[in-house]
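One file, run.txt, carrying compact mmCIF, C-alpha atoms and all ligand atoms:
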# COMPACT_ATOMS: atom_id res chain seq x y z
CA MET A 1 -85.02 0.05 -105.01
CA ILE A 2 -81.76 1.23 -103.46
CA GLU A 3 -78.57 -0.82 -103.51
CA LEU A 4 -76.19 -0.38 -100.60
CA TYR A 5 -72.58 -1.50 -101.07
CA GLY A 6 -70.74 -1.89 -97.78
CA SER A 7 -69.28 -4.05 -95.05
CA PRO A 8 -69.80 -4.38 -91.28
CA THR A 9 -68.18 -1.02 -90.53
CA PRO A 10 -69.68 2.06 -88.83
CA SER A 11 -70.31 4.09 -92.00
CA SER A 12 -72.16 1.21 -93.67
CA TYR A 13 -74.29 0.69 -90.54
CA THR A 14 -75.19 4.37 -90.70
CA ILE A 15 -76.64 4.09 -94.18
CA ALA A 16 -78.55 0.89 -93.40
CA ILE A 17 -80.07 2.64 -90.33
CA MET A 18 -81.22 5.55 -92.50
CA LEU A 19 -82.67 3.22 -95.15
CA GLU A 20 -84.59 1.34 -92.45
CA GLU A 21 -85.77 4.57 -90.82
CA VAL A 22 -87.18 6.03 -94.04
CA GLY A 23 -88.69 2.66 -94.99
CA TYR A 24 -87.15 2.30 -98.45
CA ASN A 25 -86.71 -1.09 -100.14
CA TYR A 26 -83.02 -1.82 -100.25
CA SER A 27 -80.57 -4.64 -100.89
CA VAL A 28 -77.14 -4.87 -99.30
CA PHE A 29 -74.13 -6.02 -101.33
CA PRO A 30 -70.91 -6.97 -99.54
CA ILE A 31 -67.66 -5.24 -100.42
CA SER A 32 -64.83 -7.32 -99.03
CA LYS A 33 -61.57 -5.49 -98.42
CA ASN A 34 -59.84 -8.86 -98.05
CA ASN A 35 -60.77 -9.64 -101.67
CA ASN A 36 -59.97 -6.09 -102.80
CA ASP A 37 -63.57 -5.78 -104.04
CA GLN A 38 -63.31 -2.02 -103.55
CA LEU A 39 -60.78 -1.91 -106.40
CA GLU A 40 -63.04 -3.70 -108.93
CA ILE A 41 -63.74 -1.47 -111.88
CA GLU A 42 -67.56 -1.67 -111.47
CA PHE A 43 -67.14 -0.45 -107.89
CA LEU A 44 -64.75 2.35 -108.85
CA ASN A 45 -67.35 3.61 -111.31
CA LEU A 46 -69.66 4.14 -108.32
CA SER A 47 -67.01 5.25 -105.83
CA PRO A 48 -63.91 6.89 -107.37
CA ASN A 49 -62.14 6.99 -103.99
CA ASN A 50 -62.64 3.20 -103.71
CA ILE A 51 -64.30 3.45 -100.33
CA TYR A 52 -67.67 2.27 -99.09
CA PRO A 53 -70.49 2.79 -98.28
CA VAL A 54 -71.97 3.71 -101.64
CA ILE A 55 -75.59 3.66 -102.72
CA LEU A 56 -77.07 3.19 -106.15
CA ASP A 57 -80.58 4.58 -106.30
CA ARG A 58 -82.24 2.87 -109.26
CA ASP A 59 -85.01 5.45 -109.07
CA GLY A 60 -82.93 8.62 -108.82
CA PRO A 61 -83.65 12.16 -109.99
CA ASN A 62 -85.45 12.36 -113.35
CA LYS A 63 -86.13 8.61 -113.05
CA LYS A 64 -82.45 7.89 -113.78
CA PRO A 65 -80.16 5.75 -111.57
CA MET A 66 -77.90 7.78 -109.31
CA ALA A 67 -74.88 6.63 -107.31
CA VAL A 68 -73.78 8.54 -104.20
CA PHE A 69 -70.56 7.98 -102.20
CA GLU A 70 -69.44 9.55 -98.86
CA SER A 71 -71.78 8.63 -95.99
CA GLY A 72 -72.57 12.28 -95.19
CA ALA A 73 -73.64 12.96 -98.79
CA ILE A 74 -75.67 9.72 -98.82
CA LEU A 75 -77.49 10.75 -95.63
CA MET A 76 -78.24 14.20 -97.04
CA TYR A 77 -79.47 12.60 -100.30
CA LEU A 78 -81.80 10.21 -98.46
CA ALA A 79 -82.99 12.92 -96.06
CA GLU A 80 -83.85 15.21 -98.97
CA LYS A 81 -85.47 12.43 -100.99
CA SER A 82 -87.65 11.31 -98.06
CA GLY A 83 -88.09 14.67 -96.35
CA GLN A 84 -87.16 13.02 -93.03
CA PHE A 85 -84.51 13.37 -90.29
CA ILE A 86 -83.39 16.82 -91.48
CA ALA A 87 -84.98 20.23 -90.90
CA THR A 88 -86.01 22.50 -93.75
CA GLU A 89 -85.65 25.73 -91.74
CA ASN A 90 -82.64 27.45 -90.23
CA PRO A 91 -81.07 27.52 -87.72
CA LEU A 92 -82.01 23.88 -87.08
CA LYS A 93 -81.03 22.65 -90.56
CA PHE A 94 -77.44 23.86 -90.14
CA GLU A 95 -77.27 22.75 -86.51
CA ILE A 96 -77.97 19.24 -87.80
CA LEU A 97 -75.53 19.57 -90.71
CA GLN A 98 -72.69 20.85 -88.52
CA TRP A 99 -72.92 17.79 -86.24
CA LEU A 100 -73.22 15.53 -89.29
CA LEU A 101 -70.08 17.07 -90.80
CA PHE A 102 -68.30 16.89 -87.44
CA GLU A 103 -68.86 13.14 -87.57
CA ASN A 104 -67.70 12.91 -91.19
CA SER A 105 -64.65 15.10 -90.93
CA LYS A 106 -63.53 14.46 -87.36
CA ILE A 107 -65.12 11.51 -85.52
CA GLY A 108 -64.88 8.89 -88.28
CA PRO A 109 -61.32 9.70 -89.40
CA THR A 110 -59.99 10.03 -85.83
CA LEU A 111 -61.63 6.91 -84.41
CA GLY A 112 -60.66 5.00 -87.56
CA ASN A 113 -57.02 5.95 -87.00
CA THR A 114 -57.23 5.17 -83.28
CA LYS A 115 -58.49 1.67 -84.08
CA HIS A 116 -55.85 1.23 -86.75
CA PHE A 117 -52.92 2.18 -84.51
CA MET A 118 -54.28 0.35 -81.46
CA TYR A 119 -55.34 -2.91 -83.10
CA HIS A 120 -54.18 -3.31 -86.71
CA ALA A 121 -50.90 -1.48 -87.40
CA PRO A 122 -48.12 -3.90 -88.42
CA GLU A 123 -45.68 -2.04 -86.17
CA GLU A 124 -46.12 -0.20 -82.86
CA VAL A 125 -46.17 3.57 -83.24
CA PRO A 126 -46.51 4.97 -79.68
CA TYR A 127 -46.70 8.60 -80.82
CA ALA A 128 -49.65 7.85 -83.13
CA VAL A 129 -51.43 5.76 -80.47
CA LYS A 130 -51.06 8.62 -77.97
CA ARG A 131 -52.07 11.33 -80.42
CA PHE A 132 -55.20 9.56 -81.69
CA ASN A 133 -56.22 8.35 -78.22
CA ASN A 134 -56.03 11.91 -76.88
CA GLU A 135 -58.13 13.17 -79.78
CA THR A 136 -60.61 10.33 -79.24
CA LYS A 137 -61.02 11.27 -75.56
CA ARG A 138 -61.55 14.90 -76.58
CA ILE A 139 -64.24 13.89 -79.10
CA PHE A 140 -66.08 11.81 -76.50
CA SER A 141 -66.06 14.75 -74.09
CA ILE A 142 -67.44 17.11 -76.77
CA ILE A 143 -70.33 14.75 -77.56
CA GLU A 144 -70.95 14.06 -73.85
CA LYS A 145 -71.29 17.81 -73.21
CA GLN A 146 -73.66 18.27 -76.16
CA LEU A 147 -75.84 15.38 -74.94
CA ALA A 148 -75.82 16.67 -71.37
CA GLU A 149 -77.54 19.79 -72.70
CA ASN A 150 -79.71 18.24 -75.45
CA PRO A 151 -81.59 14.92 -75.84
CA PHE A 152 -80.18 14.48 -79.38
CA LEU A 153 -77.23 16.12 -81.13
CA ALA A 154 -79.39 18.79 -82.78
CA GLY A 155 -83.12 19.17 -82.23
CA ASP A 156 -84.97 15.87 -82.54
CA TYR A 157 -83.49 12.56 -83.74
CA SER A 158 -81.77 13.33 -87.07
CA ILE A 159 -79.13 12.28 -89.60
CA ALA A 160 -76.52 13.70 -87.18
CA ASP A 161 -77.41 11.02 -84.58
CA ILE A 162 -77.68 8.35 -87.28
CA ALA A 163 -74.14 9.14 -88.50
CA THR A 164 -72.57 9.34 -85.05
CA TYR A 165 -74.11 6.40 -83.18
CA PRO A 166 -72.32 3.50 -85.00
CA TRP A 167 -68.93 5.01 -84.11
CA LEU A 168 -69.62 5.85 -80.48
CA LYS A 169 -71.42 2.64 -79.56
CA GLU A 170 -67.98 0.95 -79.64
CA PHE A 171 -66.79 3.26 -76.81
CA ASP A 172 -65.21 0.44 -74.80
CA ARG A 173 -62.80 -0.34 -77.66
CA TYR A 174 -61.27 3.09 -77.04
CA GLY A 175 -60.87 2.57 -73.31
CA ILE A 176 -63.84 4.84 -72.48
CA ALA A 177 -65.88 3.71 -69.44
CA GLU A 178 -69.66 4.13 -69.06
CA GLU A 179 -69.13 6.35 -65.98
CA GLN A 180 -67.32 8.89 -68.16
CA ILE A 181 -70.24 9.23 -70.58
CA PRO A 182 -73.56 9.00 -68.64
CA ASN A 183 -75.48 11.24 -71.05
CA MET A 184 -74.13 9.47 -74.09
CA CYS A 185 -75.28 6.18 -72.53
CA LEU A 186 -78.84 7.52 -72.17
CA TRP A 187 -78.73 8.61 -75.83
CA MET A 188 -77.40 5.21 -76.90
CA GLU A 189 -80.22 3.49 -74.99
CA LYS A 190 -82.71 5.52 -77.03
CA MET A 191 -80.91 4.54 -80.23
CA ASN A 192 -80.62 0.87 -79.21
CA GLY A 193 -84.38 0.82 -78.63
CA ARG A 194 -85.25 1.81 -82.21
CA ALA A 195 -86.51 -1.05 -84.40
CA ALA A 196 -84.82 0.45 -87.49
CA VAL A 197 -81.45 0.52 -85.75
CA ASN A 198 -81.68 -3.14 -84.76
CA LYS A 199 -82.85 -4.27 -88.20
CA ALA A 200 -80.02 -2.34 -89.87
CA LEU A 201 -77.36 -3.76 -87.55
CA GLU A 202 -78.61 -7.24 -88.40
CA ALA A 203 -78.67 -6.55 -92.17
CA VAL A 204 -75.06 -5.34 -92.20
CA ALA A 205 -73.52 -7.56 -89.49
CA ASN A 206 -73.54 -10.67 -91.66
CA LEU A 207 -71.63 -9.13 -94.56
CA LYS A 208 -68.10 -10.46 -95.00
CA GLU A 209 -65.31 -7.95 -94.40
N1 LIG A 301 -65.61 9.48 -95.33
C1 LIG A 301 -66.05 8.18 -95.75
C2 LIG A 301 -65.28 7.11 -94.99
C3 LIG A 301 -65.65 5.73 -95.39
C4 LIG A 301 -64.54 4.74 -95.08
O1 LIG A 301 -63.55 5.06 -94.42
N2 LIG A 301 -64.70 3.53 -95.57
C5 LIG A 301 -63.72 2.51 -95.35
C6 LIG A 301 -64.37 1.38 -94.59
S1 LIG A 301 -64.99 1.97 -93.03
C7 LIG A 301 -63.26 1.94 -96.68
O2 LIG A 301 -64.01 1.96 -97.63
N3 LIG A 301 -62.05 1.43 -96.79
C8 LIG A 301 -61.60 0.81 -98.01
C9 LIG A 301 -60.16 1.06 -98.27
O3 LIG A 301 -59.57 1.81 -97.50
O4 LIG A 301 -59.67 0.51 -99.24
C10 LIG A 301 -67.55 8.04 -95.50
O5 LIG A 301 -68.02 8.56 -94.48
O6 LIG A 301 -68.24 7.42 -96.34

Could you rewrite the structure in this file as structure tokens?
Amino acid sequence: MIELYGSPTPSSYTIAIMLEEVGYNYSVFPISKNNNDQLEIEFLNLSPNNIYPVILDRDGPNKKPMAVFESGAILMYLAEKSGQFIATENPLKFEILQWLLFENSKIGPTLGNTKHFMYHAPEEVPYAVKRFNNETKRIFSIIEKQLAENPFLAGDYSIADIATYPWLKEFDRYGIAEEQIPNMCLWMEKMNGRAAVNKALEAVANLKE
């Protein structure tokens, strides 16, 4: 049994999608930022940076429980444990990992900041809005180009797509129109059609933020 601690945010969706795809039994536990749950000592023991998602695998290596934080590390852990959605051989393995790390190091942090400065910041900061919006547009154009040349981000459907989809499916929140991203829309249709994706979105959507 795997425990997933999260909230209805893109990185938590990502992990629920992977858990559904590999067919593991899992339970979802809400972490509410409004209640400062992420600062509870039990949670900090699992996630020292007090961020979610985090998983606790009750049946980890050597039959001992193992907690993993950082969505990219969690995806790699689950891919290795299940032997799915990652390649074992190079160059494909590192093609997948580079797009996964591009999501973790660039897409998530940039789009998170764009949303923050556009919708949640307590004061208007035009420079930050402009800077993060420009970077967001650039990210969308990079992914659009990759998907114009490939059906998925790297090889077949993989942890790179699973990590990236929950962020990009909110494209309209960033002022991006469908006409600007035709290939990304075809890719999203494929993702939207997967049973695991829909089940995961449902499992996480009802958690309180
Ligand atoms: N790099 C992290 C980012 C996760 C992240 O930003 N989590 C946010 C919610 S989407 C969070 O835990 N925020 C809690 C806080 O800032 O206190 C990952 O991919 O797991």

With only C-alpha atoms and all ligand atoms as the atoms that count, which of A:Thr136, A:Asn198, A:Thr164, A:Ser82 lies nearest to ligand LIG 301 (chain A)?
A:Thr164

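Closest approach to ligand LIG 301 (chain A) among A:Asp172, A:Asp161, A:Glu189, A:Glu103: A:Glu103, based on all atoms listed in the file.
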
Is it possible to get the axis-aligned box enclosing ligand LIG 301 (chain A) (all listed atoms, 6 Å extra per side) as JSON, with centre and edge lengths in Å rounded to one decimal?
{"center_x": -63.9, "center_y": 5.0, "center_z": -96.1, "size_x": 20.7, "size_y": 21.0, "size_z": 18.2}

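Residues of protein, DNA or RNA lying at most 7 Å from ligand LIG 301 (chain A), when all atoms listed in the file are considered, are Thr9, Pro10, Ser11, Lys33, Gln38, Asn50, Ile51, Tyr52, Pro53, Phe69, Glu70, Ser71, Gly72, Asn104 and Gly108 of chain A.
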
Taking C-alpha atoms for each residue, export the selection above as a PDB file, keeping the file's coordinate frame.
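Written out: again25.pdb:
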ATOM      1  CA  THR A   9     -68.180  -1.020 -90.530  1.00  0.00           C
ATOM      2  CA  PRO A  10     -69.680   2.060 -88.830  1.00  0.00           C
ATOM      3  CA  SER A  11     -70.310   4.090 -92.000  1.00  0.00           C
ATOM      4  CA  LYS A  33     -61.570  -5.490 -98.420  1.00  0.00           C
ATOM      5  CA  GLN A  38     -63.310  -2.020-103.550  1.00  0.00           C
ATOM      6  CA  ASN A  50     -62.640   3.200-103.710  1.00  0.00           C
ATOM      7  CA  ILE A  51     -64.300   3.450-100.330  1.00  0.00           C
ATOM      8  CA  TYR A  52     -67.670   2.270 -99.090  1.00  0.00           C
ATOM      9  CA  PRO A  53     -70.490   2.790 -98.280  1.00  0.00           C
ATOM     10  CA  PHE A  69     -70.560   7.980-102.200  1.00  0.00           C
ATOM     11  CA  GLU A  70     -69.440   9.550 -98.860  1.00  0.00           C
ATOM     12  CA  SER A  71     -71.780   8.630 -95.990  1.00  0.00           C
ATOM     13  CA  GLY A  72     -72.570  12.280 -95.190  1.00  0.00           C
ATOM     14  CA  ASN A 104     -67.700  12.910 -91.190  1.00  0.00           C
ATOM     15  CA  GLY A 108     -64.880   8.890 -88.280  1.00  0.00           C
TER      16      GLY A 108
END

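Note that the spacing between CA of Lys115 (chain A) and CA of Arg138 (chain A) amounts to 15.5 Å.
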
Taking only C-alpha atoms into account, produce a table as JSON lines in which each residue of region 87-153 of chain A with an atom at most 8 Å from an atom of region 176-188 of chain A appears once, together with its shortest atom pair and the distance in Å to one decimal, ordered by chain and rising number.
{"residue": "A:Lys137", "atom": "CA", "partner": "A:Ile176", "partner_atom": "CA", "distance": 7.7}
{"residue": "A:Phe140", "atom": "CA", "partner": "A:Ile181", "partner_atom": "CA", "distance": 7.7}
{"residue": "A:Ser141", "atom": "CA", "partner": "A:Ile181", "partner_atom": "CA", "distance": 7.8}
{"residue": "A:Ile143", "atom": "CA", "partner": "A:Met184", "partner_atom": "CA", "distance": 7.4}
{"residue": "A:Glu144", "atom": "CA", "partner": "A:Met184", "partner_atom": "CA", "distance": 5.6}
{"residue": "A:Leu147", "atom": "CA", "partner": "A:Asn183", "partner_atom": "CA", "distance": 5.7}
{"residue": "A:Ala148", "atom": "CA", "partner": "A:Asn183", "partner_atom": "CA", "distance": 5.5}
{"residue": "A:Pro151", "atom": "CA", "partner": "A:Trp187", "partner_atom": "CA", "distance": 6.9}
{"residue": "A:Phe152", "atom": "CA", "partner": "A:Trp187", "partner_atom": "CA", "distance": 7.0}

Report, in Å with one decimal, the straight-line distance from CA of Pro65 (chain A) to CA of Tyr13 (chain A).
22.4 Å

By how many Å are CA of Val129 (chain A) and CA of Ser105 (chain A) apart?
19.3 Å

Which protein, DNA or RNA residues are at most 10 Å from (-78.9, 2.8, -91.8) in the file's coordinates when you count only C-alpha atoms, listed as a ChimeraX atom specification?
/A:4,10-22,75,159,162-163,166,196-201,203-204
